[in-house]
$ cat my_file_29.tsv   # TSV, N, CA, C and O atoms
chain	number	residue	atom	x	y	z
A	1	TYR	N	110.81	100.12	98.40
A	1	TYR	CA	111.85	99.90	99.38
A	1	TYR	C	113.16	99.61	98.67
A	1	TYR	O	113.17	99.20	97.51
A	2	ASN	N	114.24	99.84	99.38
A	2	ASN	CA	115.57	99.62	98.82
A	2	ASN	C	115.96	98.15	99.04
A	2	ASN	O	116.15	97.72	100.18
A	3	PRO	N	116.12	97.37	97.97
A	3	PRO	CA	116.44	95.95	98.14
A	3	PRO	C	117.84	95.69	98.70
A	3	PRO	O	118.15	94.56	99.08
A	4	ALA	N	118.69	96.72	98.78
A	4	ALA	CA	120.00	96.56	99.42
A	4	ALA	C	119.88	96.62	100.93
A	4	ALA	O	120.81	96.25	101.65
A	5	VAL	N	118.73	97.07	101.44
A	5	VAL	CA	118.51	97.21	102.88
A	5	VAL	C	117.51	96.18	103.41
A	5	VAL	O	117.62	95.72	104.54
A	6	ALA	N	116.52	95.81	102.59
A	6	ALA	CA	115.47	94.90	103.05
A	6	ALA	C	115.04	93.99	101.91
A	6	ALA	O	115.07	94.36	100.74
A	7	GLU	N	114.62	92.79	102.30
A	7	GLU	CA	114.09	91.83	101.35
A	7	GLU	C	112.69	91.43	101.80
A	7	GLU	O	112.51	91.00	102.94
A	8	LEU	N	111.71	91.61	100.94
A	8	LEU	CA	110.34	91.19	101.25
A	8	LEU	C	110.27	89.68	101.01
A	8	LEU	O	110.43	89.23	99.89
A	9	ILE	N	110.10	88.92	102.10
A	9	ILE	CA	110.15	87.47	101.95
A	9	ILE	C	108.77	86.81	101.88
A	9	ILE	O	108.64	85.72	101.34
A	10	SER	N	107.74	87.47	102.42
A	10	SER	CA	106.40	86.90	102.28
A	10	SER	C	105.34	87.95	102.53
A	10	SER	O	105.57	88.97	103.17
A	11	VAL	N	104.16	87.68	102.00
A	11	VAL	CA	102.98	88.50	102.21
A	11	VAL	C	101.88	87.57	102.69
A	11	VAL	O	101.66	86.51	102.09
A	12	LYS	N	101.22	87.94	103.79
A	12	LYS	CA	100.18	87.10	104.37
A	12	LYS	C	98.91	87.92	104.55
A	12	LYS	O	98.96	89.14	104.70
A	13	LEU	N	97.77	87.25	104.53
A	13	LEU	CA	96.50	87.92	104.80
A	13	LEU	C	96.42	88.33	106.26
A	13	LEU	O	96.81	87.57	107.15
A	14	GLY	N	95.91	89.52	106.50
A	14	GLY	CA	95.62	89.97	107.85
A	14	GLY	C	94.22	89.52	108.25
A	14	GLY	O	93.45	89.03	107.42
A	15	GLY	N	93.87	89.72	109.51
A	15	GLY	CA	92.59	89.26	110.02
A	15	GLY	C	91.38	89.87	109.32
A	15	GLY	O	90.36	89.21	109.15
A	16	ALA	N	91.47	91.13	108.90
A	16	ALA	CA	90.33	91.78	108.25
A	16	ALA	C	90.05	91.20	106.87
A	16	ALA	O	88.96	91.37	106.34
A	17	ALA	N	91.02	90.52	106.28
A	17	ALA	CA	90.86	89.94	104.94
A	17	ALA	C	90.74	88.42	105.00
A	17	ALA	O	90.99	87.74	104.01
A	18	SER	N	90.32	87.90	106.13
A	18	SER	CA	90.16	86.45	106.29
A	18	SER	C	89.22	85.91	105.21
A	18	SER	O	88.16	86.48	104.95
A	19	GLY	N	89.62	84.85	104.55
A	19	GLY	CA	88.80	84.25	103.49
A	19	GLY	C	89.03	84.84	102.12
A	19	GLY	O	88.46	84.36	101.14
A	20	PHE	N	89.84	85.88	102.02
A	20	PHE	CA	90.13	86.50	100.73
A	20	PHE	C	91.20	85.72	99.99
A	20	PHE	O	91.95	84.94	100.59
A	21	SER	N	91.30	85.92	98.70
A	21	SER	CA	92.39	85.38	97.89
A	21	SER	C	93.45	86.46	97.76
A	21	SER	O	93.13	87.64	97.64
A	22	LEU	N	94.70	86.04	97.76
A	22	LEU	CA	95.83	86.95	97.67
A	22	LEU	C	96.71	86.56	96.50
A	22	LEU	O	97.05	85.39	96.34
A	23	ALA	N	97.06	87.53	95.67
A	23	ALA	CA	98.06	87.33	94.61
A	23	ALA	C	99.19	88.31	94.89
A	23	ALA	O	98.95	89.50	95.11
A	24	ALA	N	100.42	87.80	94.92
A	24	ALA	CA	101.58	88.64	95.21
A	24	ALA	C	102.65	88.41	94.16
A	24	ALA	O	103.05	87.28	93.90
A	25	ASN	N	103.10	89.50	93.53
A	25	ASN	CA	104.21	89.45	92.59
A	25	ASN	C	105.38	90.15	93.26
A	25	ASN	O	105.37	91.37	93.42
A	26	LEU	N	106.37	89.36	93.66
A	26	LEU	CA	107.55	89.88	94.35
A	26	LEU	C	108.79	89.72	93.48
A	26	LEU	O	109.91	89.73	93.98
A	27	ASP	N	108.60	89.56	92.16
A	27	ASP	CA	109.71	89.26	91.25
A	27	ASP	C	110.73	90.39	91.10
A	27	ASP	O	111.90	90.13	90.87
A	28	LYS	N	110.30	91.64	91.22
A	28	LYS	CA	111.21	92.77	91.04
A	28	LYS	C	111.68	93.26	92.40
A	28	LYS	O	110.89	93.80	93.17
A	29	PRO	N	112.97	93.07	92.73
A	29	PRO	CA	113.46	93.55	94.02
A	29	PRO	C	113.16	95.03	94.24
A	29	PRO	O	113.35	95.85	93.34
A	30	GLY	N	112.63	95.36	95.40
A	30	GLY	CA	112.29	96.74	95.72
A	30	GLY	C	110.86	97.10	95.39
A	30	GLY	O	110.40	98.19	95.72
A	31	THR	N	110.13	96.18	94.78
A	31	THR	CA	108.75	96.44	94.38
A	31	THR	C	107.89	95.21	94.66
A	31	THR	O	108.31	94.08	94.41
A	32	ALA	N	106.69	95.42	95.17
A	32	ALA	CA	105.73	94.34	95.37
A	32	ALA	C	104.41	94.78	94.75
A	32	ALA	O	103.95	95.89	94.96
A	33	ARG	N	103.82	93.90	93.95
A	33	ARG	CA	102.49	94.15	93.39
A	33	ARG	C	101.55	93.15	94.05
A	33	ARG	O	101.74	91.94	93.91
A	34	LEU	N	100.55	93.68	94.77
A	34	LEU	CA	99.67	92.84	95.57
A	34	LEU	C	98.22	93.06	95.18
A	34	LEU	O	97.81	94.18	94.89
A	35	SER	N	97.45	91.99	95.23
A	35	SER	CA	96.03	92.09	94.90
A	35	SER	C	95.25	91.16	95.82
A	35	SER	O	95.65	90.02	96.06
A	36	LEU	N	94.13	91.66	96.32
A	36	LEU	CA	93.22	90.88	97.16
A	36	LEU	C	91.87	90.80	96.48
A	36	LEU	O	91.44	91.76	95.84
A	37	ALA	N	91.18	89.68	96.67
A	37	ALA	CA	89.82	89.55	96.15
A	37	ALA	C	89.02	88.70	97.12
A	37	ALA	O	89.52	87.73	97.68
A	38	GLY	N	87.76	89.10	97.31
A	38	GLY	CA	86.88	88.35	98.18
A	38	GLY	C	85.44	88.55	97.77
A	38	GLY	O	85.07	89.61	97.28
A	39	ALA	N	84.62	87.53	97.98
A	39	ALA	CA	83.21	87.60	97.61
A	39	ALA	C	82.37	88.31	98.67
A	39	ALA	O	81.37	88.94	98.36
A	40	ALA	N	82.81	88.23	99.92
A	40	ALA	CA	82.05	88.83	101.02
A	40	ALA	C	82.69	90.16	101.41
A	40	ALA	O	83.90	90.35	101.26
A	41	PRO	N	81.91	91.10	101.91
A	41	PRO	CA	82.48	92.38	102.34
A	41	PRO	C	83.33	92.24	103.59
A	41	PRO	O	83.15	91.29	104.37
A	42	ILE	N	84.25	93.17	103.78
A	42	ILE	CA	85.04	93.21	105.00
A	42	ILE	C	84.14	93.75	106.10
A	42	ILE	O	83.50	94.80	105.95
A	43	THR	N	84.09	93.05	107.22
A	43	THR	CA	83.16	93.42	108.28
A	43	THR	C	83.84	93.76	109.60
A	43	THR	O	83.17	93.97	110.60
A	44	SER	N	85.18	93.82	109.61
A	44	SER	CA	85.88	94.13	110.86
A	44	SER	C	87.05	95.07	110.59
A	44	SER	O	87.52	95.18	109.47
A	45	ASP	N	87.48	95.74	111.65
A	45	ASP	CA	88.69	96.55	111.58
A	45	ASP	C	89.89	95.63	111.65
A	45	ASP	O	89.79	94.50	112.13
A	46	GLY	N	91.03	96.16	111.22
A	46	GLY	CA	92.26	95.40	111.38
A	46	GLY	C	93.09	95.41	110.12
A	46	GLY	O	92.78	96.07	109.14
A	47	ALA	N	94.15	94.65	110.17
A	47	ALA	CA	95.09	94.59	109.05
A	47	ALA	C	94.53	93.76	107.90
A	47	ALA	O	93.90	92.72	108.13
A	48	MET	N	94.75	94.24	106.71
A	48	MET	CA	94.36	93.46	105.53
A	48	MET	C	95.52	92.61	105.04
A	48	MET	O	95.31	91.52	104.51
A	49	LEU	N	96.73	93.13	105.22
A	49	LEU	CA	97.93	92.41	104.78
A	49	LEU	C	99.00	92.49	105.85
A	49	LEU	O	99.08	93.47	106.59
A	50	ARG	N	99.85	91.49	105.89
A	50	ARG	CA	101.04	91.50	106.75
A	50	ARG	C	102.24	91.21	105.85
A	50	ARG	O	102.30	90.17	105.20
A	51	LEU	N	103.15	92.17	105.81
A	51	LEU	CA	104.35	92.03	104.99
A	51	LEU	C	105.49	91.62	105.90
A	51	LEU	O	105.72	92.23	106.95
A	52	VAL	N	106.24	90.59	105.51
A	52	VAL	CA	107.36	90.09	106.31
A	52	VAL	C	108.65	90.40	105.56
A	52	VAL	O	108.85	89.94	104.43
A	53	PHE	N	109.50	91.21	106.20
A	53	PHE	CA	110.77	91.61	105.61
A	53	PHE	C	111.94	90.98	106.35
A	53	PHE	O	111.87	90.78	107.56
A	54	ARG	N	113.00	90.72	105.63
A	54	ARG	CA	114.30	90.37	106.22
A	54	ARG	C	115.19	91.59	105.99
A	54	ARG	O	115.37	92.02	104.85
A	55	LEU	N	115.71	92.17	107.06
A	55	LEU	CA	116.59	93.32	106.94
A	55	LEU	C	118.00	92.83	106.62
A	55	LEU	O	118.57	92.04	107.36
A	56	THR	N	118.54	93.30	105.50
A	56	THR	CA	119.83	92.80	105.01
A	56	THR	C	120.91	93.87	105.02
A	56	THR	O	122.06	93.57	104.74
A	57	GLY	N	120.54	95.09	105.33
A	57	GLY	CA	121.49	96.20	105.33
A	57	GLY	C	122.35	96.23	106.58
A	57	GLY	O	122.24	95.39	107.48
A	58	ARG	N	123.23	97.21	106.63
A	58	ARG	CA	124.11	97.42	107.77
A	58	ARG	C	123.37	98.19	108.87
A	58	ARG	O	122.43	98.93	108.60
A	59	THR	N	123.84	98.06	110.08
A	59	THR	CA	123.27	98.79	111.21
A	59	THR	C	123.23	100.28	110.89
A	59	THR	O	124.20	100.84	110.39
A	60	GLY	N	122.08	100.88	111.13
A	60	GLY	CA	121.89	102.31	110.87
A	60	GLY	C	121.27	102.62	109.52
A	60	GLY	O	120.78	103.73	109.31
A	61	GLN	N	121.28	101.66	108.60
A	61	GLN	CA	120.66	101.92	107.30
A	61	GLN	C	119.14	101.91	107.44
A	61	GLN	O	118.58	101.21	108.29
A	62	ARG	N	118.50	102.68	106.56
A	62	ARG	CA	117.03	102.78	106.55
A	62	ARG	C	116.55	102.71	105.12
A	62	ARG	O	117.28	103.05	104.19
A	63	THR	N	115.32	102.32	104.95
A	63	THR	CA	114.68	102.38	103.65
A	63	THR	C	113.22	102.77	103.82
A	63	THR	O	112.57	102.37	104.78
A	64	ARG	N	112.77	103.58	102.93
A	64	ARG	CA	111.38	104.03	102.94
A	64	ARG	C	110.50	102.95	102.32
A	64	ARG	O	110.83	102.40	101.27
A	65	LEU	N	109.42	102.63	102.97
A	65	LEU	CA	108.42	101.71	102.45
A	65	LEU	C	107.27	102.56	101.93
A	65	LEU	O	106.49	103.10	102.72
A	66	ALA	N	107.20	102.74	100.63
A	66	ALA	CA	106.23	103.65	100.02
A	66	ALA	C	105.14	102.87	99.30
A	66	ALA	O	105.43	101.98	98.50
A	67	ILE	N	103.90	103.20	99.59
A	67	ILE	CA	102.76	102.63	98.88
A	67	ILE	C	102.41	103.63	97.78
A	67	ILE	O	102.00	104.76	98.05
A	68	THR	N	102.59	103.22	96.54
A	68	THR	CA	102.40	104.16	95.44
A	68	THR	C	101.01	104.13	94.83
A	68	THR	O	100.62	105.06	94.15
A	69	SER	N	100.24	103.07	95.12
A	69	SER	CA	98.89	102.99	94.57
A	69	SER	C	98.07	102.04	95.42
A	69	SER	O	98.56	101.00	95.85
A	70	ALA	N	96.81	102.40	95.68
A	70	ALA	CA	95.90	101.53	96.43
A	70	ALA	C	94.47	101.87	96.04
A	70	ALA	O	94.14	103.04	95.83
A	71	SER	N	93.62	100.86	95.94
A	71	SER	CA	92.21	101.10	95.68
A	71	SER	C	91.38	100.00	96.32
A	71	SER	O	91.86	98.90	96.55
A	72	LEU	N	90.14	100.34	96.65
A	72	LEU	CA	89.19	99.38	97.21
A	72	LEU	C	87.97	99.31	96.33
A	72	LEU	O	87.45	100.33	95.88
A	73	ASP	N	87.51	98.10	96.08
A	73	ASP	CA	86.30	97.87	95.28
A	73	ASP	C	86.38	98.64	93.96
A	73	ASP	O	85.46	99.36	93.60
A	74	GLU	N	87.53	98.47	93.29
A	74	GLU	CA	87.78	99.10	91.99
A	74	GLU	C	87.57	100.61	92.02
A	74	GLU	O	87.02	101.21	91.10
A	75	GLY	N	87.97	101.22	93.13
A	75	GLY	CA	87.91	102.67	93.26
A	75	GLY	C	86.62	103.22	93.84
A	75	GLY	O	86.45	104.44	93.92
A	76	ALA	N	85.71	102.35	94.28
A	76	ALA	CA	84.42	102.81	94.81
A	76	ALA	C	84.54	103.48	96.18
A	76	ALA	O	83.64	104.22	96.57
A	77	PHE	N	85.62	103.22	96.90
A	77	PHE	CA	85.80	103.77	98.23
A	77	PHE	C	87.11	104.54	98.30
A	77	PHE	O	88.10	104.18	97.67
A	78	ALA	N	87.12	105.59	99.11
A	78	ALA	CA	88.35	106.35	99.32
A	78	ALA	C	89.33	105.51	100.15
A	78	ALA	O	88.92	104.75	101.03
A	79	VAL	N	90.59	105.63	99.83
A	79	VAL	CA	91.64	104.88	100.53
A	79	VAL	C	92.66	105.86	101.08
A	79	VAL	O	93.08	106.78	100.39
A	80	ARG	N	93.06	105.65	102.33
A	80	ARG	CA	94.14	106.43	102.92
A	80	ARG	C	95.27	105.46	103.23
A	80	ARG	O	95.07	104.46	103.91
A	81	VAL	N	96.44	105.75	102.71
A	81	VAL	CA	97.59	104.89	102.95
A	81	VAL	C	98.64	105.64	103.75
A	81	VAL	O	98.69	106.88	103.72
A	82	ARG	N	99.46	104.90	104.46
A	82	ARG	CA	100.56	105.50	105.21
A	82	ARG	C	101.85	104.79	104.83
A	82	ARG	O	101.92	103.57	104.82
A	83	ASN	N	102.84	105.60	104.50
A	83	ASN	CA	104.16	105.04	104.21
A	83	ASN	C	104.87	104.76	105.53
A	83	ASN	O	104.43	105.18	106.59
A	84	ALA	N	105.97	104.03	105.45
A	84	ALA	CA	106.71	103.66	106.65
A	84	ALA	C	108.20	103.70	106.35
A	84	ALA	O	108.61	103.87	105.21
A	85	VAL	N	108.99	103.51	107.39
A	85	VAL	CA	110.45	103.42	107.25
A	85	VAL	C	110.88	102.15	107.96
A	85	VAL	O	110.46	101.88	109.09
A	86	LEU	N	111.72	101.37	107.30
A	86	LEU	CA	112.34	100.20	107.91
A	86	LEU	C	113.76	100.58	108.30
A	86	LEU	O	114.49	101.14	107.49
A	87	SER	N	114.15	100.28	109.53
A	87	SER	CA	115.48	100.64	110.03
A	87	SER	C	116.22	99.41	110.52
A	87	SER	O	115.63	98.57	111.20
A	88	VAL	N	117.49	99.31	110.16
A	88	VAL	CA	118.33	98.21	110.62
A	88	VAL	C	118.97	98.64	111.94
A	88	VAL	O	119.62	99.67	112.00
A	89	ARG	N	118.81	97.84	112.98
A	89	ARG	CA	119.38	98.16	114.30
A	89	ARG	C	120.52	97.25	114.61
A	89	ARG	O	120.62	96.17	114.25
$ encode --input "my_file_29.tsv" --output "structure tokens"
Amino acid sequence: YNPAVAELISVKLGGAASGFSLAANLDKPGTARLSLAGAAPITSDGAMLRLVFRLTGRTGQRTRLAITSASLDEGAFAVRVRNAVLSVR
């Protein structure tokens, strides 16, 4: 994401990752490195993570939220990710 348009202010566990540990490195503006770990398997549908952004750009500006890498169980399962766009209104 473009740090001139949005600021990632926090990362929270979603319901599907309840009980998991979360490590978040937000030190580099425009980039987030996130890791989840849990001893028990995920047993429900739903969000694994919730990202909270503060939009700092001007009205009409947009930034692409791109997921560049994702894996589950150290690559044992296929992962499908979807990118998004954040828009300032």
$ closest_residue --input "my_file_29.tsv" --among "A:Leu51, A:Ala70, A:Arg62, A:Gly30" --to "Leu13 in chain A" --atoms "only N, CA, C and O atoms"
A:Leu51
$ residues_around --input "my_file_29.tsv" --residues "Ala39 in chain A" --least-positions-apart "3" --cutoff "8 Å" --atoms "only N, CA, C and O atoms" --output "short mmCIF file (atom, residue, chain, number, x, y, z; two decimals) with N, CA, C and O atoms, keeping the file's coordinate frame"
data_model
loop_
_atom_site.label_atom_id
_atom_site.label_comp_id
_atom_site.auth_asym_id
_atom_site.auth_seq_id
_atom_site.Cartn_x
_atom_site.Cartn_y
_atom_site.Cartn_z
N SER A 18 90.32 87.90 106.13
CA SER A 18 90.16 86.45 106.29
C SER A 18 89.22 85.91 105.21
O SER A 18 88.16 86.48 104.95
N GLY A 19 89.62 84.85 104.55
CA GLY A 19 88.80 84.25 103.49
C GLY A 19 89.03 84.84 102.12
O GLY A 19 88.46 84.36 101.14
N PHE A 20 89.84 85.88 102.02
CA PHE A 20 90.13 86.50 100.73
C PHE A 20 91.20 85.72 99.99
O PHE A 20 91.95 84.94 100.59
N SER A 21 91.30 85.92 98.70
CA SER A 21 92.39 85.38 97.89
C SER A 21 93.45 86.46 97.76
O SER A 21 93.13 87.64 97.64
N ILE A 42 84.25 93.17 103.78
CA ILE A 42 85.04 93.21 105.00
C ILE A 42 84.14 93.75 106.10
O ILE A 42 83.50 94.80 105.95
#
$ closest_residue --input "my_file_29.tsv" --among "A:Ser35, A:Ala76, A:Val88, A:Pro29" --to "Tyr1 in chain A" --atoms "only C-alpha atoms"
A:Pro29
$ closest_residue --input "my_file_29.tsv" --among "A:Leu55, A:Ala78, A:Ala16, A:Arg64" --to "Ala40 in chain A" --atoms "all atoms listed in the file"
A:Ala16
$ atom_distance --input "my_file_29.tsv" --atom1 "atom C of Gly38 in chain A" --atom2 "atom O of Gly15 in chain A"
12.4 Å
$ select_by_dssp --input "my_file_29.tsv" --residues "chain A" --states "strand (DSSP E or B)" --output "ChimeraX atom specification"
/A:6-13,21-25,33-37,49-55,62-65,72,77,84-87
$ closest_residue --input "my_file_29.tsv" --among "A:Leu65, A:Ala24, A:Val11, A:Ala17" --to "Ser44 in chain A" --atoms "only N, CA, C and O atoms"
A:Ala17
$ atom_distance --input "my_file_29.tsv" --atom1 "CA of Leu86 in chain A" --atom2 "CA of Gln61 in chain A"
8.5 Å
$ atom_distance --input "my_file_29.tsv" --atom1 "atom O of Ala66 in chain A" --atom2 "atom C of Arg54 in chain A"
16.1 Å
$ closest_residue --input "my_file_29.tsv" --among "A:Ala6, A:Ala37, A:Lys12, A:Asp27" --to "Thr63 in chain A" --atoms "only N, CA, C and O atoms"
A:Ala6
$ closest_residue --input "my_file_29.tsv" --among "A:Pro41, A:Asn25, A:Arg58, A:Phe53" --to "Leu8 in chain A" --atoms "only N, CA, C and O atoms"
A:Phe53
$ axis_aligned_box --input "my_file_29.tsv" --around "range 5-24 of chain A" --padding-each-side "8 Å" --output "JSON"
{"center_x": 103.4, "center_y": 90.7, "center_z": 102.0, "size_x": 46.6, "size_y": 29.0, "size_z": 32.1}
$ build_atoms --input "my_file_29.tsv" --residues "range 48-59 of chain A" --atoms "all heavy atoms" --output "compact mmCIF listing (two decimals), in the frame of the given file"
# COMPACT_ATOMS: atom_id res chain seq x y z
N MET A 48 94.75 94.24 106.71
CA MET A 48 94.36 93.46 105.53
C MET A 48 95.52 92.61 105.04
O MET A 48 95.31 91.52 104.51
CB MET A 48 93.88 94.40 104.43
CG MET A 48 92.61 95.12 104.81
SD MET A 48 91.96 96.14 103.50
CE MET A 48 91.46 94.90 102.33
N LEU A 49 96.73 93.13 105.22
CA LEU A 49 97.93 92.41 104.78
C LEU A 49 99.00 92.49 105.85
O LEU A 49 99.08 93.47 106.59
CB LEU A 49 98.50 93.03 103.51
CG LEU A 49 97.70 92.88 102.23
CD1 LEU A 49 98.30 93.74 101.14
CD2 LEU A 49 97.65 91.43 101.80
N ARG A 50 99.85 91.49 105.89
CA ARG A 50 101.04 91.50 106.75
C ARG A 50 102.24 91.21 105.85
O ARG A 50 102.30 90.17 105.20
CB ARG A 50 100.94 90.45 107.84
CG ARG A 50 99.76 90.72 108.75
CD ARG A 50 100.00 90.23 110.15
NE ARG A 50 98.85 90.51 110.99
CZ ARG A 50 98.72 91.58 111.73
NH1 ARG A 50 99.64 92.49 111.75
NH2 ARG A 50 97.65 91.76 112.48
N LEU A 51 103.15 92.17 105.81
CA LEU A 51 104.35 92.03 104.99
C LEU A 51 105.49 91.62 105.90
O LEU A 51 105.72 92.23 106.95
CB LEU A 51 104.69 93.36 104.31
CG LEU A 51 103.56 94.01 103.51
CD1 LEU A 51 104.04 95.34 102.93
CD2 LEU A 51 103.07 93.10 102.42
N VAL A 52 106.24 90.59 105.51
CA VAL A 52 107.36 90.09 106.31
C VAL A 52 108.65 90.40 105.56
O VAL A 52 108.85 89.94 104.43
CB VAL A 52 107.23 88.57 106.57
CG1 VAL A 52 108.42 88.06 107.37
CG2 VAL A 52 105.91 88.25 107.26
N PHE A 53 109.50 91.21 106.20
CA PHE A 53 110.77 91.61 105.61
C PHE A 53 111.94 90.98 106.35
O PHE A 53 111.87 90.78 107.56
CB PHE A 53 110.94 93.14 105.69
CG PHE A 53 110.10 93.91 104.72
CD1 PHE A 53 108.81 94.28 105.06
CD2 PHE A 53 110.60 94.26 103.48
CE1 PHE A 53 108.03 95.01 104.17
CE2 PHE A 53 109.83 94.99 102.59
CZ PHE A 53 108.54 95.36 102.94
N ARG A 54 113.00 90.72 105.63
CA ARG A 54 114.30 90.37 106.22
C ARG A 54 115.19 91.59 105.99
O ARG A 54 115.37 92.02 104.85
CB ARG A 54 114.90 89.15 105.53
CG ARG A 54 116.31 88.82 106.04
CD ARG A 54 116.93 87.62 105.34
NE ARG A 54 116.09 86.45 105.55
CZ ARG A 54 115.61 85.69 104.56
NH1 ARG A 54 115.88 85.98 103.30
NH2 ARG A 54 114.86 84.65 104.82
N LEU A 55 115.71 92.17 107.06
CA LEU A 55 116.59 93.32 106.94
C LEU A 55 118.00 92.83 106.62
O LEU A 55 118.57 92.04 107.36
CB LEU A 55 116.56 94.17 108.20
CG LEU A 55 115.17 94.76 108.52
CD1 LEU A 55 115.20 95.52 109.82
CD2 LEU A 55 114.69 95.63 107.38
N THR A 56 118.54 93.30 105.50
CA THR A 56 119.83 92.80 105.01
C THR A 56 120.91 93.87 105.02
O THR A 56 122.06 93.57 104.74
CB THR A 56 119.67 92.28 103.57
OG1 THR A 56 119.13 93.32 102.75
CG2 THR A 56 118.73 91.07 103.53
N GLY A 57 120.54 95.09 105.33
CA GLY A 57 121.49 96.20 105.33
C GLY A 57 122.35 96.23 106.58
O GLY A 57 122.24 95.39 107.48
N ARG A 58 123.23 97.21 106.63
CA ARG A 58 124.11 97.42 107.77
C ARG A 58 123.37 98.19 108.87
O ARG A 58 122.43 98.93 108.60
CB ARG A 58 125.35 98.19 107.34
CG ARG A 58 126.24 97.44 106.34
CD ARG A 58 127.48 98.23 105.97
NE ARG A 58 127.27 99.65 105.74
CZ ARG A 58 126.90 100.20 104.57
NH1 ARG A 58 126.70 99.44 103.53
NH2 ARG A 58 126.75 101.50 104.48
N THR A 59 123.84 98.06 110.08
CA THR A 59 123.27 98.79 111.21
C THR A 59 123.23 100.28 110.89
O THR A 59 124.20 100.84 110.39
CB THR A 59 124.12 98.55 112.48
OG1 THR A 59 124.10 97.15 112.77
CG2 THR A 59 123.57 99.32 113.66
